[in-house]
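Here's the structure, in structure tokens; my notes come after.
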Amino acid sequence: MAKNIKLVKSLIGRKKDQIATAQSLGLKKIGDTTTQPDNAQTQGKINKISHLIEVTEA
């Protein structure tokens with residue numbers, strides 16, 4: 001099953017690894033949405049920036 005991920009908080013002032021994680025998911029600015037597969041790699045990325053995003057089931 002896939003997950004829809006939406007960036008809801010700004011990346012300004014965040015740590016470089018958090019910015020890189022968001023960009024690896026395809027999120028660059030507030031409101032960007034992407035669909036990612038539900039696997040271990042995606043879950044790790046979601047956990048790392050969970051305070052910046054909203055996740056829903058696709």
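Simple scheme: letters A, B, ... for chains in structure tokens order, numbers from 1 for residues in each chain, numbers from 1 for ligands in the order shown.
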All residues 7 Å or closer to Ala2 (chain A), only C-alpha atoms, same chain fewer than 4 positions away omitted, as a list of chain:residue names:
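The residues satisfying every condition are A:Thr35, A:Gln36, A:Pro37, A:Asp38, A:Glu57, A:Ala58.
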If you keep C-alpha atoms, can you produce a file of those selected residues as a PDB file, in the first residue's frame?
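New file again_23.pdb:
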ATOM      1  CA  THR A  35       3.036   9.341  -3.031  1.00  0.00           C
ATOM      2  CA  GLN A  36       5.612   6.870  -1.739  1.00  0.00           C
ATOM      3  CA  PRO A  37       5.581   3.079  -1.338  1.00  0.00           C
ATOM      4  CA  ASP A  38       5.009   1.755   2.173  1.00  0.00           C
ATOM      5  CA  GLU A  57      -2.990   6.167   3.171  1.00  0.00           C
ATOM      6  CA  ALA A  58      -3.232   6.313  -0.609  1.00  0.00           C
TER       7      ALA A  58
END
Contacts of Thr33 (chain A) at 8 Å (only C-alpha atoms; same-chain gap of 4+ positions) as a tab-separated table (two decimals) with all heavy atoms, in the first residue's frame:
chain	number	residue	atom	x	y	z
A	4	ASN	N	0.46	8.84	1.04
A	4	ASN	CA	0.52	10.22	0.56
A	4	ASN	C	1.18	11.05	1.65
A	4	ASN	O	0.77	11.01	2.81
A	4	ASN	CB	-0.87	10.76	0.26
A	4	ASN	CG	-1.47	10.12	-0.96
A	4	ASN	OD1	-0.78	9.75	-1.89
A	4	ASN	ND2	-2.79	9.98	-0.96
A	5	ILE	N	2.20	11.79	1.28
A	5	ILE	CA	2.95	12.59	2.24
A	5	ILE	C	2.88	14.05	1.81
A	5	ILE	O	3.14	14.37	0.65
A	5	ILE	CB	4.42	12.13	2.30
A	5	ILE	CG1	4.48	10.64	2.63
A	5	ILE	CG2	5.18	12.95	3.33
A	5	ILE	CD1	5.85	10.05	2.48
A	6	LYS	N	2.50	14.92	2.75
A	6	LYS	CA	2.37	16.35	2.46
A	6	LYS	C	3.22	17.14	3.44
A	6	LYS	O	3.15	16.93	4.65
A	6	LYS	CB	0.91	16.78	2.58
A	6	LYS	CG	0.69	18.24	2.28
A	6	LYS	CD	-0.79	18.59	2.37
A	6	LYS	CE	-1.03	20.03	2.02
A	6	LYS	NZ	-2.44	20.39	2.12
A	7	LEU	N	4.03	18.06	2.92
A	7	LEU	CA	4.85	18.94	3.76
A	7	LEU	C	3.98	20.07	4.29
A	7	LEU	O	3.39	20.82	3.51
A	7	LEU	CB	6.03	19.49	2.96
A	7	LEU	CG	7.06	20.29	3.73
A	7	LEU	CD1	7.76	19.40	4.76
A	7	LEU	CD2	8.08	20.89	2.80
A	26	GLY	N	10.85	14.10	-2.20
A	26	GLY	CA	10.28	14.94	-3.24
A	26	GLY	C	9.53	16.14	-2.71
A	26	GLY	O	8.71	16.73	-3.40
A	27	LEU	N	9.82	16.54	-1.47
A	27	LEU	CA	9.15	17.67	-0.83
A	27	LEU	C	10.12	18.84	-0.74
A	27	LEU	O	11.16	18.73	-0.12
A	27	LEU	CB	8.68	17.28	0.57
A	27	LEU	CG	7.80	16.04	0.65
A	27	LEU	CD1	7.61	15.63	2.09
A	27	LEU	CD2	6.48	16.25	-0.04
* To do: Tell me which protein, DNA and RNA residues are within 12 Å of Ser50 (chain A), counting only C-alpha atoms, leaving out same-chain ones fewer than 3 positions away, and put them as JSON, numbers by chain.
  => {"A": [5, 6, 7, 8, 9, 18, 21, 22, 42, 43, 44, 45, 46, 47, 53, 54, 55]}
Report the residues of chain A whose backbone DSSP state falls under strand (DSSP E), written as a ChimeraX atom specification. /A:2-7,33-37,53-57
Saved selection, atoms kept: N, CA, C and O atoms, as a PDB file, in the first residue's frame:
ATOM      1  N   ALA A   2       0.440   2.288  -0.592  1.00  0.00           N
ATOM      2  CA  ALA A   2       1.228   3.522  -0.707  1.00  0.00           C
ATOM      3  C   ALA A   2       0.767   4.556   0.320  1.00  0.00           C
ATOM      4  O   ALA A   2      -0.315   4.442   0.897  1.00  0.00           O
ATOM      5  N   LYS A   3       1.620   5.535   0.531  1.00  0.00           N
ATOM      6  CA  LYS A   3       1.310   6.614   1.468  1.00  0.00           C
ATOM      7  C   LYS A   3       1.420   7.954   0.756  1.00  0.00           C
ATOM      8  O   LYS A   3       2.332   8.168  -0.031  1.00  0.00           O
ATOM      9  N   ASN A   4       0.461   8.838   1.036  1.00  0.00           N
ATOM     10  CA  ASN A   4       0.524  10.216   0.557  1.00  0.00           C
ATOM     11  C   ASN A   4       1.182  11.047   1.652  1.00  0.00           C
ATOM     12  O   ASN A   4       0.771  11.005   2.807  1.00  0.00           O
ATOM     13  N   ILE A   5       2.202  11.794   1.280  1.00  0.00           N
ATOM     14  CA  ILE A   5       2.948  12.594   2.236  1.00  0.00           C
ATOM     15  C   ILE A   5       2.877  14.051   1.806  1.00  0.00           C
ATOM     16  O   ILE A   5       3.141  14.368   0.654  1.00  0.00           O
ATOM     17  N   LYS A   6       2.504  14.921   2.753  1.00  0.00           N
ATOM     18  CA  LYS A   6       2.374  16.347   2.459  1.00  0.00           C
ATOM     19  C   LYS A   6       3.223  17.143   3.439  1.00  0.00           C
ATOM     20  O   LYS A   6       3.149  16.932   4.649  1.00  0.00           O
ATOM     21  N   LEU A   7       4.032  18.064   2.922  1.00  0.00           N
ATOM     22  CA  LEU A   7       4.852  18.939   3.763  1.00  0.00           C
ATOM     23  C   LEU A   7       3.977  20.069   4.286  1.00  0.00           C
ATOM     24  O   LEU A   7       3.389  20.820   3.508  1.00  0.00           O
ATOM     25  N   THR A  33       3.078  17.599  -2.229  1.00  0.00           N
ATOM     26  CA  THR A  33       2.554  16.286  -1.897  1.00  0.00           C
ATOM     27  C   THR A  33       3.202  15.251  -2.793  1.00  0.00           C
ATOM     28  O   THR A  33       3.442  15.510  -3.971  1.00  0.00           O
ATOM     29  N   THR A  34       3.470  14.076  -2.232  1.00  0.00           N
ATOM     30  CA  THR A  34       4.057  12.988  -2.987  1.00  0.00           C
ATOM     31  C   THR A  34       3.459  11.669  -2.520  1.00  0.00           C
ATOM     32  O   THR A  34       2.966  11.570  -1.393  1.00  0.00           O
ATOM     33  N   THR A  35       3.479  10.686  -3.381  1.00  0.00           N
ATOM     34  CA  THR A  35       3.036   9.341  -3.031  1.00  0.00           C
ATOM     35  C   THR A  35       4.253   8.433  -3.023  1.00  0.00           C
ATOM     36  O   THR A  35       4.996   8.383  -3.993  1.00  0.00           O
ATOM     37  N   GLN A  36       4.457   7.742  -1.912  1.00  0.00           N
ATOM     38  CA  GLN A  36       5.612   6.870  -1.739  1.00  0.00           C
ATOM     39  C   GLN A  36       5.148   5.467  -1.368  1.00  0.00           C
ATOM     40  O   GLN A  36       4.106   5.303  -0.735  1.00  0.00           O
ATOM     41  N   PRO A  37       5.931   4.447  -1.739  1.00  0.00           N
ATOM     42  CA  PRO A  37       5.581   3.079  -1.338  1.00  0.00           C
ATOM     43  C   PRO A  37       5.728   2.914   0.168  1.00  0.00           C
ATOM     44  O   PRO A  37       6.528   3.607   0.797  1.00  0.00           O
ATOM     45  N   ILE A  53       5.459  16.862   8.518  1.00  0.00           N
ATOM     46  CA  ILE A  53       4.616  16.315   7.445  1.00  0.00           C
ATOM     47  C   ILE A  53       3.296  15.762   7.980  1.00  0.00           C
ATOM     48  O   ILE A  53       3.142  15.555   9.182  1.00  0.00           O
ATOM     49  N   GLU A  54       2.372  15.540   7.025  1.00  0.00           N
ATOM     50  CA  GLU A  54       1.134  14.803   7.286  1.00  0.00           C
ATOM     51  C   GLU A  54       1.140  13.591   6.386  1.00  0.00           C
ATOM     52  O   GLU A  54       1.477  13.697   5.205  1.00  0.00           O
ATOM     53  N   VAL A  55       0.776  12.441   6.933  1.00  0.00           N
ATOM     54  CA  VAL A  55       0.805  11.196   6.172  1.00  0.00           C
ATOM     55  C   VAL A  55      -0.593  10.598   6.152  1.00  0.00           C
ATOM     56  O   VAL A  55      -1.250  10.492   7.189  1.00  0.00           O
ATOM     57  N   THR A  56      -1.055  10.213   4.954  1.00  0.00           N
ATOM     58  CA  THR A  56      -2.335   9.527   4.807  1.00  0.00           C
ATOM     59  C   THR A  56      -2.137   8.308   3.913  1.00  0.00           C
ATOM     60  O   THR A  56      -1.189   8.238   3.146  1.00  0.00           O
ATOM     61  N   GLU A  57      -3.040   7.354   4.025  1.00  0.00           N
ATOM     62  CA  GLU A  57      -2.990   6.167   3.171  1.00  0.00           C
ATOM     63  C   GLU A  57      -3.497   6.529   1.783  1.00  0.00           C
ATOM     64  O   GLU A  57      -4.468   7.264   1.638  1.00  0.00           O
TER      65      GLU A  57
END
Correct to one decimal, the distance CA of Ile12 (chain A)-CA of Asn39 (chain A) is 27.7 Å
Chain A: residues DSSP assigns to alpha helix (DSSP H), reported as number ranges by chain:
A: 16-24, 40-48
Can you write out the residues you just picked, keeping all heavy atoms, as a short mmCIF file (atom, residue, chain, number, x, y, z; two decimals), in the first residue's frame?
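Result file out-v1.cif:
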data_model
loop_
_atom_site.label_atom_id
_atom_site.label_comp_id
_atom_site.auth_asym_id
_atom_site.auth_seq_id
_atom_site.Cartn_x
_atom_site.Cartn_y
_atom_site.Cartn_z
N LYS A 16 20.36 20.02 8.42
CA LYS A 16 20.63 19.62 7.04
C LYS A 16 20.12 18.23 6.73
O LYS A 16 19.65 17.98 5.62
CB LYS A 16 22.13 19.71 6.75
CG LYS A 16 22.64 21.12 6.67
CD LYS A 16 24.11 21.16 6.31
CE LYS A 16 24.59 22.60 6.24
NZ LYS A 16 26.00 22.68 5.89
N ASP A 17 20.21 17.31 7.70
CA ASP A 17 19.74 15.96 7.43
C ASP A 17 18.22 15.90 7.29
O ASP A 17 17.70 15.10 6.50
CB ASP A 17 20.23 14.97 8.48
CG ASP A 17 19.75 15.30 9.89
OD1 ASP A 17 19.49 16.48 10.17
OD2 ASP A 17 19.64 14.37 10.71
N GLN A 18 17.50 16.76 7.99
CA GLN A 18 16.04 16.80 7.86
C GLN A 18 15.65 17.38 6.50
O GLN A 18 14.72 16.89 5.86
CB GLN A 18 15.41 17.61 8.98
CG GLN A 18 15.54 16.96 10.34
CD GLN A 18 15.01 17.82 11.45
OE1 GLN A 18 14.78 19.02 11.29
NE2 GLN A 18 14.83 17.21 12.62
N ILE A 19 16.36 18.41 6.05
CA ILE A 19 16.10 18.99 4.74
C ILE A 19 16.38 17.96 3.65
O ILE A 19 15.59 17.79 2.71
CB ILE A 19 16.94 20.26 4.53
CG1 ILE A 19 16.51 21.35 5.52
CG2 ILE A 19 16.84 20.76 3.10
CD1 ILE A 19 17.43 22.55 5.56
N ALA A 20 17.49 17.24 3.78
CA ALA A 20 17.85 16.22 2.79
C ALA A 20 16.82 15.10 2.76
O ALA A 20 16.48 14.60 1.68
CB ALA A 20 19.23 15.66 3.11
N THR A 21 16.29 14.72 3.92
CA THR A 21 15.27 13.68 3.98
C THR A 21 14.00 14.13 3.27
O THR A 21 13.42 13.37 2.50
CB THR A 21 14.96 13.31 5.45
OG1 THR A 21 16.17 12.86 6.07
CG2 THR A 21 13.91 12.22 5.53
N ALA A 22 13.57 15.37 3.51
CA ALA A 22 12.38 15.89 2.85
C ALA A 22 12.58 15.93 1.34
O ALA A 22 11.69 15.54 0.58
CB ALA A 22 12.04 17.28 3.39
N GLN A 23 13.74 16.38 0.90
CA GLN A 23 14.01 16.46 -0.52
C GLN A 23 14.08 15.08 -1.16
O GLN A 23 13.67 14.89 -2.30
CB GLN A 23 15.28 17.25 -0.79
CG GLN A 23 15.10 18.72 -0.49
CD GLN A 23 16.37 19.54 -0.66
OE1 GLN A 23 17.46 19.01 -0.76
NE2 GLN A 23 16.20 20.86 -0.70
N SER A 24 14.57 14.08 -0.42
CA SER A 24 14.62 12.72 -0.97
C SER A 24 13.22 12.14 -1.15
O SER A 24 13.03 11.25 -1.97
CB SER A 24 15.45 11.81 -0.07
OG SER A 24 14.78 11.52 1.13
N ALA A 40 10.22 -0.16 4.44
CA ALA A 40 11.05 0.22 5.59
C ALA A 40 11.79 1.53 5.36
O ALA A 40 11.92 2.35 6.27
CB ALA A 40 12.04 -0.90 5.89
N GLN A 41 12.28 1.76 4.14
CA GLN A 41 13.01 3.01 3.86
C GLN A 41 12.10 4.21 4.02
O GLN A 41 12.48 5.22 4.63
CB GLN A 41 13.59 2.98 2.45
CG GLN A 41 14.73 2.01 2.30
CD GLN A 41 15.23 1.94 0.87
OE1 GLN A 41 14.49 2.29 -0.06
NE2 GLN A 41 16.44 1.49 0.70
N THR A 42 10.92 4.14 3.45
CA THR A 42 9.97 5.26 3.55
C THR A 42 9.55 5.48 5.00
O THR A 42 9.45 6.62 5.44
CB THR A 42 8.74 5.00 2.67
OG1 THR A 42 9.18 4.75 1.34
CG2 THR A 42 7.81 6.18 2.68
N GLN A 43 9.32 4.41 5.75
CA GLN A 43 8.94 4.55 7.15
C GLN A 43 10.02 5.27 7.96
O GLN A 43 9.72 6.10 8.80
CB GLN A 43 8.64 3.18 7.77
CG GLN A 43 7.36 2.55 7.31
CD GLN A 43 6.14 3.37 7.69
OE1 GLN A 43 6.10 4.00 8.75
NE2 GLN A 43 5.15 3.39 6.82
N GLY A 44 11.27 4.96 7.69
CA GLY A 44 12.37 5.62 8.38
C GLY A 44 12.42 7.11 8.08
O GLY A 44 12.64 7.93 8.97
N LYS A 45 12.19 7.46 6.81
CA LYS A 45 12.19 8.87 6.42
C LYS A 45 11.01 9.60 7.07
O LYS A 45 11.15 10.74 7.53
CB LYS A 45 12.12 8.99 4.90
CG LYS A 45 13.38 8.53 4.20
CD LYS A 45 13.20 8.56 2.70
CE LYS A 45 14.42 8.00 1.99
NZ LYS A 45 14.26 8.01 0.53
N ILE A 46 9.86 8.95 7.09
CA ILE A 46 8.67 9.55 7.72
C ILE A 46 8.93 9.78 9.21
O ILE A 46 8.59 10.85 9.74
CB ILE A 46 7.44 8.65 7.50
CG1 ILE A 46 7.00 8.72 6.04
CG2 ILE A 46 6.30 9.04 8.43
CD1 ILE A 46 5.94 7.71 5.66
N ASN A 47 9.54 8.82 9.89
CA ASN A 47 9.83 8.98 11.32
C ASN A 47 10.79 10.13 11.58
O ASN A 47 10.67 10.83 12.58
CB ASN A 47 10.40 7.68 11.90
CG ASN A 47 9.34 6.61 12.01
OD1 ASN A 47 8.16 6.89 12.07
ND2 ASN A 47 9.77 5.37 12.03
N LYS A 48 11.75 10.33 10.69
CA LYS A 48 12.77 11.37 10.88
C LYS A 48 12.17 12.78 10.79
O LYS A 48 12.60 13.68 11.50
CB LYS A 48 13.87 11.21 9.84
CG LYS A 48 15.06 12.11 10.08
CD LYS A 48 16.24 11.65 9.26
CE LYS A 48 17.50 12.34 9.64
NZ LYS A 48 18.10 11.81 10.85
#
Of A:Ser10, A:Leu25, A:Met1, A:Asp32, the one sitting nearest Leu52 (chain A) when using only C-alpha atoms is A:Ser10
